[in-house]
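For reference, my_file14.cif (mmCIF, C-alpha atoms):
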```cif
data_model
loop_
_atom_site.label_atom_id
_atom_site.label_comp_id
_atom_site.auth_asym_id
_atom_site.auth_seq_id
_atom_site.Cartn_x
_atom_site.Cartn_y
_atom_site.Cartn_z
CA MET A 889 -27.30 -15.46 -14.65
CA ARG A 890 -30.42 -16.82 -13.02
CA ILE A 891 -32.73 -19.74 -13.66
CA ASN A 892 -36.44 -19.21 -14.41
CA ALA A 893 -39.37 -21.48 -13.56
CA HIS A 894 -38.71 -23.57 -16.68
CA GLY A 895 -35.07 -24.25 -15.75
CA HIS A 896 -33.67 -21.85 -18.33
CA PHE A 897 -30.89 -19.38 -17.65
CA ILE A 898 -31.90 -15.71 -17.67
CA LYS A 899 -29.26 -13.12 -18.50
CA ILE A 900 -29.46 -10.20 -16.07
CA PRO A 901 -27.87 -6.93 -17.30
CA LEU A 902 -24.71 -5.88 -15.49
CA LEU A 903 -26.20 -2.56 -14.39
CA LYS A 904 -29.20 -4.26 -12.77
CA ARG A 905 -27.02 -6.83 -10.99
CA PHE A 906 -24.74 -4.03 -9.83
CA TRP A 907 -27.43 -1.98 -8.10
CA GLU A 908 -28.88 -5.05 -6.42
CA LYS A 909 -25.62 -5.34 -4.46
CA VAL A 910 -25.25 -1.71 -3.32
CA ASN A 911 -26.12 -0.31 0.10
CA LYS A 912 -26.10 3.50 -0.09
CA ASN A 913 -26.33 3.90 3.68
CA GLY A 914 -22.63 3.41 4.37
CA PRO A 915 -20.34 5.62 6.50
CA VAL A 916 -19.94 9.30 5.64
CA HIS A 917 -16.78 10.22 3.73
CA PRO A 918 -14.08 10.60 6.43
CA THR A 919 -12.48 13.82 5.13
CA ASP A 920 -15.17 15.52 3.02
CA LYS A 921 -18.76 15.23 4.24
CA LYS A 922 -19.97 17.00 1.09
CA LEU A 923 -19.19 13.80 -0.84
CA GLY A 924 -21.85 11.98 1.13
CA ARG A 925 -21.96 8.39 2.30
CA CYS A 926 -20.11 5.39 1.01
CA TRP A 927 -22.09 3.02 -1.18
CA VAL A 928 -21.08 -0.28 0.33
CA TRP A 929 -20.83 -3.33 -1.90
CA THR A 930 -22.82 -6.20 -0.35
CA GLY A 931 -21.93 -8.85 -2.91
CA ALA A 932 -18.83 -11.01 -3.29
CA ARG A 933 -15.50 -9.50 -2.24
CA LEU A 934 -11.83 -10.27 -2.56
CA LYS A 935 -10.66 -12.39 0.35
CA ARG A 936 -7.65 -10.21 1.02
CA LYS A 937 -6.53 -7.35 3.22
CA HIS A 938 -8.37 -4.98 0.88
CA PRO A 939 -11.86 -6.47 0.32
CA TYR A 940 -12.79 -4.90 -3.02
CA GLY A 941 -16.20 -5.86 -4.38
CA LEU A 942 -16.48 -8.37 -7.23
CA ILE A 943 -19.09 -8.80 -9.96
CA TRP A 944 -19.26 -11.04 -13.03
CA ASN A 945 -19.07 -9.41 -16.47
CA ASP A 946 -21.94 -9.72 -18.97
CA THR A 947 -20.71 -13.06 -20.33
CA HIS A 948 -19.92 -14.51 -16.89
CA THR A 949 -16.37 -15.24 -17.98
CA LYS A 950 -14.53 -12.75 -15.76
CA ARG A 951 -15.01 -11.21 -12.35
CA LEU A 952 -14.60 -7.44 -12.28
CA ARG A 953 -13.85 -5.15 -9.38
CA ALA A 954 -17.07 -3.40 -8.47
CA HIS A 955 -15.55 0.05 -7.89
CA ARG A 956 -14.00 0.00 -11.38
CA VAL A 957 -17.39 -0.93 -12.82
CA ALA A 958 -18.96 1.99 -10.92
CA TRP A 959 -16.39 4.39 -12.38
CA LYS A 960 -17.09 3.17 -15.91
CA PHE A 961 -20.85 3.57 -15.42
CA LYS A 962 -20.38 7.24 -14.51
CA TYR A 963 -17.32 8.42 -16.41
CA GLY A 964 -16.64 5.87 -19.14
CA ARG A 965 -13.30 4.31 -19.94
CA ILE A 966 -10.58 4.28 -17.28
CA PRO A 967 -7.55 6.37 -18.40
CA LYS A 968 -4.71 4.27 -19.77
CA GLY A 969 -2.11 3.33 -17.20
CA LYS A 970 -4.32 4.38 -14.30
CA ASP A 971 -6.11 2.52 -11.55
CA ILE A 972 -9.21 3.64 -9.64
CA LEU A 973 -8.44 4.82 -6.11
CA HIS A 974 -10.68 5.41 -3.09
CA SER A 975 -10.52 8.83 -1.43
CA CYS A 976 -12.69 7.45 1.39
CA ASP A 977 -10.20 4.66 2.23
CA ASN A 978 -13.06 2.13 2.12
CA PRO A 979 -12.34 -0.67 -0.41
CA PRO A 980 -15.97 -1.98 -0.66
CA CYS A 981 -17.24 1.53 -1.52
CA VAL A 982 -18.60 1.99 -5.06
CA ASN A 983 -19.72 5.62 -4.76
CA TRP A 984 -18.18 7.20 -7.87
CA ASP A 985 -17.85 10.53 -6.04
CA HIS A 986 -15.36 8.78 -3.74
CA LEU A 987 -13.31 7.40 -6.64
CA ARG A 988 -10.59 8.91 -8.77
CA PRO A 989 -8.05 7.69 -11.33
CA GLY A 990 -4.45 7.47 -10.17
CA THR A 991 -1.13 5.71 -10.63
CA CYS A 992 0.51 3.04 -8.49
CA ALA A 993 2.62 5.82 -6.96
CA ASP A 994 -0.56 7.73 -6.03
CA ASN A 995 -1.97 4.57 -4.47
CA HIS A 996 1.22 4.08 -2.45
CA LYS A 997 1.05 7.68 -1.19
CA ASP A 998 -2.52 7.05 -0.08
CA MET A 999 -1.40 3.91 1.76
CA VAL A 1000 1.27 5.87 3.60
CA SER A 1001 -1.06 8.78 4.49
CA HIS A 1002 -3.70 6.35 5.78
CA GLY A 1003 -1.16 4.36 7.77
CA HIS A 1004 -1.56 1.15 5.75
CA SER A 1005 1.93 0.88 4.32
CA LEU A 1006 4.02 -1.85 5.91
CA PHE A 1007 7.13 0.19 6.60
CA GLY A 1008 9.84 -0.78 9.03
CA GLU A 1009 8.94 -3.14 11.85
CA ARG A 1010 5.36 -3.46 10.56
CA ASN A 1011 6.67 -5.34 7.53
CA PRO A 1012 6.64 -9.10 8.29
CA SER A 1013 9.90 -9.56 6.38
CA ALA A 1014 11.76 -6.88 8.35
CA ARG A 1015 15.05 -8.22 9.75
CA LEU A 1016 15.84 -5.29 12.03
CA THR A 1017 14.04 -3.07 14.52
CA GLU A 1018 13.84 0.70 14.45
CA LYS A 1019 16.17 0.88 17.44
CA GLN A 1020 18.76 -1.23 15.63
CA ILE A 1021 18.53 0.91 12.49
CA LYS A 1022 19.11 4.05 14.54
CA HIS A 1023 22.15 2.39 16.07
CA ILE A 1024 23.53 1.56 12.62
CA LEU A 1025 22.95 5.13 11.41
CA PHE A 1026 24.73 6.50 14.47
CA VAL A 1027 27.72 4.18 14.30
CA TYR A 1028 28.24 3.93 10.54
CA PRO A 1029 31.24 6.15 9.60
CA LYS A 1030 29.63 9.23 8.11
CA ALA A 1031 32.74 10.40 6.25
CA THR A 1032 32.79 7.21 4.19
CA ARG A 1033 29.18 6.89 3.09
CA THR A 1034 30.08 7.97 -0.44
CA GLY A 1035 33.90 7.73 -0.44
CA PRO A 1036 36.80 5.35 0.25
CA ARG A 1037 37.00 3.67 3.65
CA SER A 1038 39.98 3.47 5.98
CA MET A 1039 40.81 0.15 7.62
CA ARG A 1040 39.44 1.39 10.96
CA GLU A 1041 36.16 2.49 9.39
CA LYS A 1042 35.84 -0.76 7.52
CA GLN A 1043 36.28 -2.68 10.78
CA ILE A 1044 33.47 -0.68 12.39
CA ILE A 1045 31.16 -1.55 9.49
CA LEU A 1046 32.13 -5.21 9.63
CA LYS A 1047 31.35 -5.28 13.35
CA LEU A 1048 27.94 -3.81 12.63
CA CYS A 1049 27.31 -6.46 9.98
CA LYS A 1050 28.32 -9.24 12.35
CA LYS A 1051 26.27 -7.86 15.23
CA TYR A 1052 23.06 -7.66 13.17
CA SER A 1053 23.71 -10.51 10.70
CA ILE A 1054 23.52 -8.25 7.66
CA THR A 1055 25.74 -7.85 4.62
CA PHE A 1056 28.23 -5.06 4.01
CA ASN A 1057 26.10 -3.87 1.10
CA PHE A 1058 22.88 -3.84 3.16
CA ALA A 1059 24.56 -1.77 5.89
CA SER A 1060 25.75 0.66 3.22
CA ARG A 1061 22.24 1.00 1.79
CA ILE A 1062 20.85 1.75 5.23
CA ALA A 1063 23.50 4.44 5.75
CA ARG A 1064 22.71 5.99 2.34
CA ARG A 1065 18.98 5.96 3.27
CA GLN A 1066 18.10 3.58 0.47
CA ARG A 1067 16.55 1.35 3.13
CA TRP A 1068 14.34 2.50 5.98
CA LYS A 1069 14.27 5.92 4.36
CA HIS A 1070 10.92 6.65 6.03
CA LEU A 1071 12.71 6.80 9.39
CA ASN A 1072 13.09 10.41 10.45
CA TYR A 1073 16.42 10.05 12.20
CA PHE A 1074 19.52 12.04 11.31
CA PRO A 1075 22.23 11.69 13.98
CA ARG A 1076 24.45 14.75 14.31
CA ALA A 1077 27.11 13.18 16.50
CA ARG A 1078 30.39 12.12 14.93
CA ALA A 1079 30.68 8.37 14.47
CA PRO A 1080 32.73 6.80 17.31
CA THR A 1081 35.91 4.87 16.75
CA HIS A 1082 34.50 1.84 18.63
CA LEU A 1083 31.20 0.00 18.49
CA PRO A 1084 28.98 1.34 21.30
CA SER A 1085 26.47 -0.87 23.06
CA LEU A 1086 22.90 -1.04 21.78
CA SER A 1087 21.43 -0.62 25.28
#
```
Give the structure from this file in structure tokens form.
Amino acid sequence: MRINAHGHFIKIPLLKRFWEKVNKNGPVHPTDKKLGRCWVWTGARLKRKHPYGLIWNDTHTKRLRAHRVAWKFKYGRIPKGKDILHSCDNPPCVNWDHLRPGTCADNHKDMVSHGHSLFGERNPSARLTEKQIKHILFVYPKATRTGPRSMREKQIILKLCKKYSITFNFASRIARRQRWKHLNYFPRARAPTHLPSLS
């Protein structure tokens, strides 16, 4: 809303307010030049890692994400259970040709392909390094990943847990590739009977 010369609020339509905040001279689509340039949102943005544009709804009671508003202008209602994803990997972009509906899983795949996913050591909460994970995968008794463990094998696992300050269960999940499964490392050597040095 805006105030006129008489001090009264003027209601500006959403569509008009939207276009006032769009710069159509953004970067060209990174993978498909036929889709043209990004339309960069110049208004308010989320103060996060992904700075999506923000715009008030018609009643000024809720802030909407600008790229979702752009999609609705062009295509109508967003499919149920779907979000609106950027093929251009540019969160402030509101060019509807760069947008598509997708699931959370689709969004995660995009994050991985664009190198934004915080896997492994890039994750601030990671307790181990890639080198340490490879060491665990090499040492962990392969014959017991899904079956009963002998006393010797159990001792090897316990030594691993002590060395890296992890639980027995966490070591098992690493070995079964339920953790750090993005790591493309599959040791072929037979697990040793002792705990080799990390260096």
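Take CA of Leu1071 in chain A and CA of Tyr1052 in chain A: the distance between them is 18.2 Å.
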Residues matched by the PyMOL selection byres ((chain A and resi 1019-1024) around 8) as a compact mmCIF listing (two decimals) with C-alpha atoms, in the frame of the given file:
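Here's the written file result.txt:
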```txt
# COMPACT_ATOMS: atom_id res chain seq x y z
CA LEU A 1016 15.84 -5.29 12.03
CA THR A 1017 14.04 -3.07 14.52
CA GLU A 1018 13.84 0.70 14.45
CA LEU A 1025 22.95 5.13 11.41
CA PHE A 1026 24.73 6.50 14.47
CA VAL A 1027 27.72 4.18 14.30
CA TYR A 1028 28.24 3.93 10.54
CA LEU A 1048 27.94 -3.81 12.63
CA ALA A 1059 24.56 -1.77 5.89
CA ILE A 1062 20.85 1.75 5.23
CA ALA A 1063 23.50 4.44 5.75
CA TRP A 1068 14.34 2.50 5.98
CA TYR A 1073 16.42 10.05 12.20
CA LEU A 1086 22.90 -1.04 21.78
```
Expected selection from the PyMOL selection byres ((chain A and resi 979) around 8), given as a list of chain:residue names: A:His938, A:Pro939, A:Tyr940, A:Gly941, A:His974, A:Asp977, A:Asn978, A:Pro980, A:Cys981
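Comparing the minimum interatomic distances between Gly990 in chain A and each of A:Ile966, A:Cys976, A:Cys926, A:Leu952, counting all atoms listed in the file, we find that A:Ile966 sits nearest.
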CA of Asn911 in chain A to CA of Trp927 in chain A, distance in Å rounded to a single decimal: 5.4 Å
Ground truth for the PyMOL selection byres ((chain A and resi 906) around 10), written as an NGL selection string: :A and (900-905 or 907-910 or 929-931 or 942-944 or 954 or 957-958 or 982)
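You will find CA of Asp971 in chain A at 8.3 Å from CA of Arg988 in chain A.
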Pick from A:Ile1054, A:Cys1049, A:Val928, A:Ala1014 nearest to Gly914 in chain A, counting all atoms listed in the file: A:Val928
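Among the candidates A:Thr919, A:Thr991, A:Asn1072, A:Gln1066, the residue lying nearest to Ser975 in chain A is A:Thr919 (atoms considered: all atoms listed in the file).
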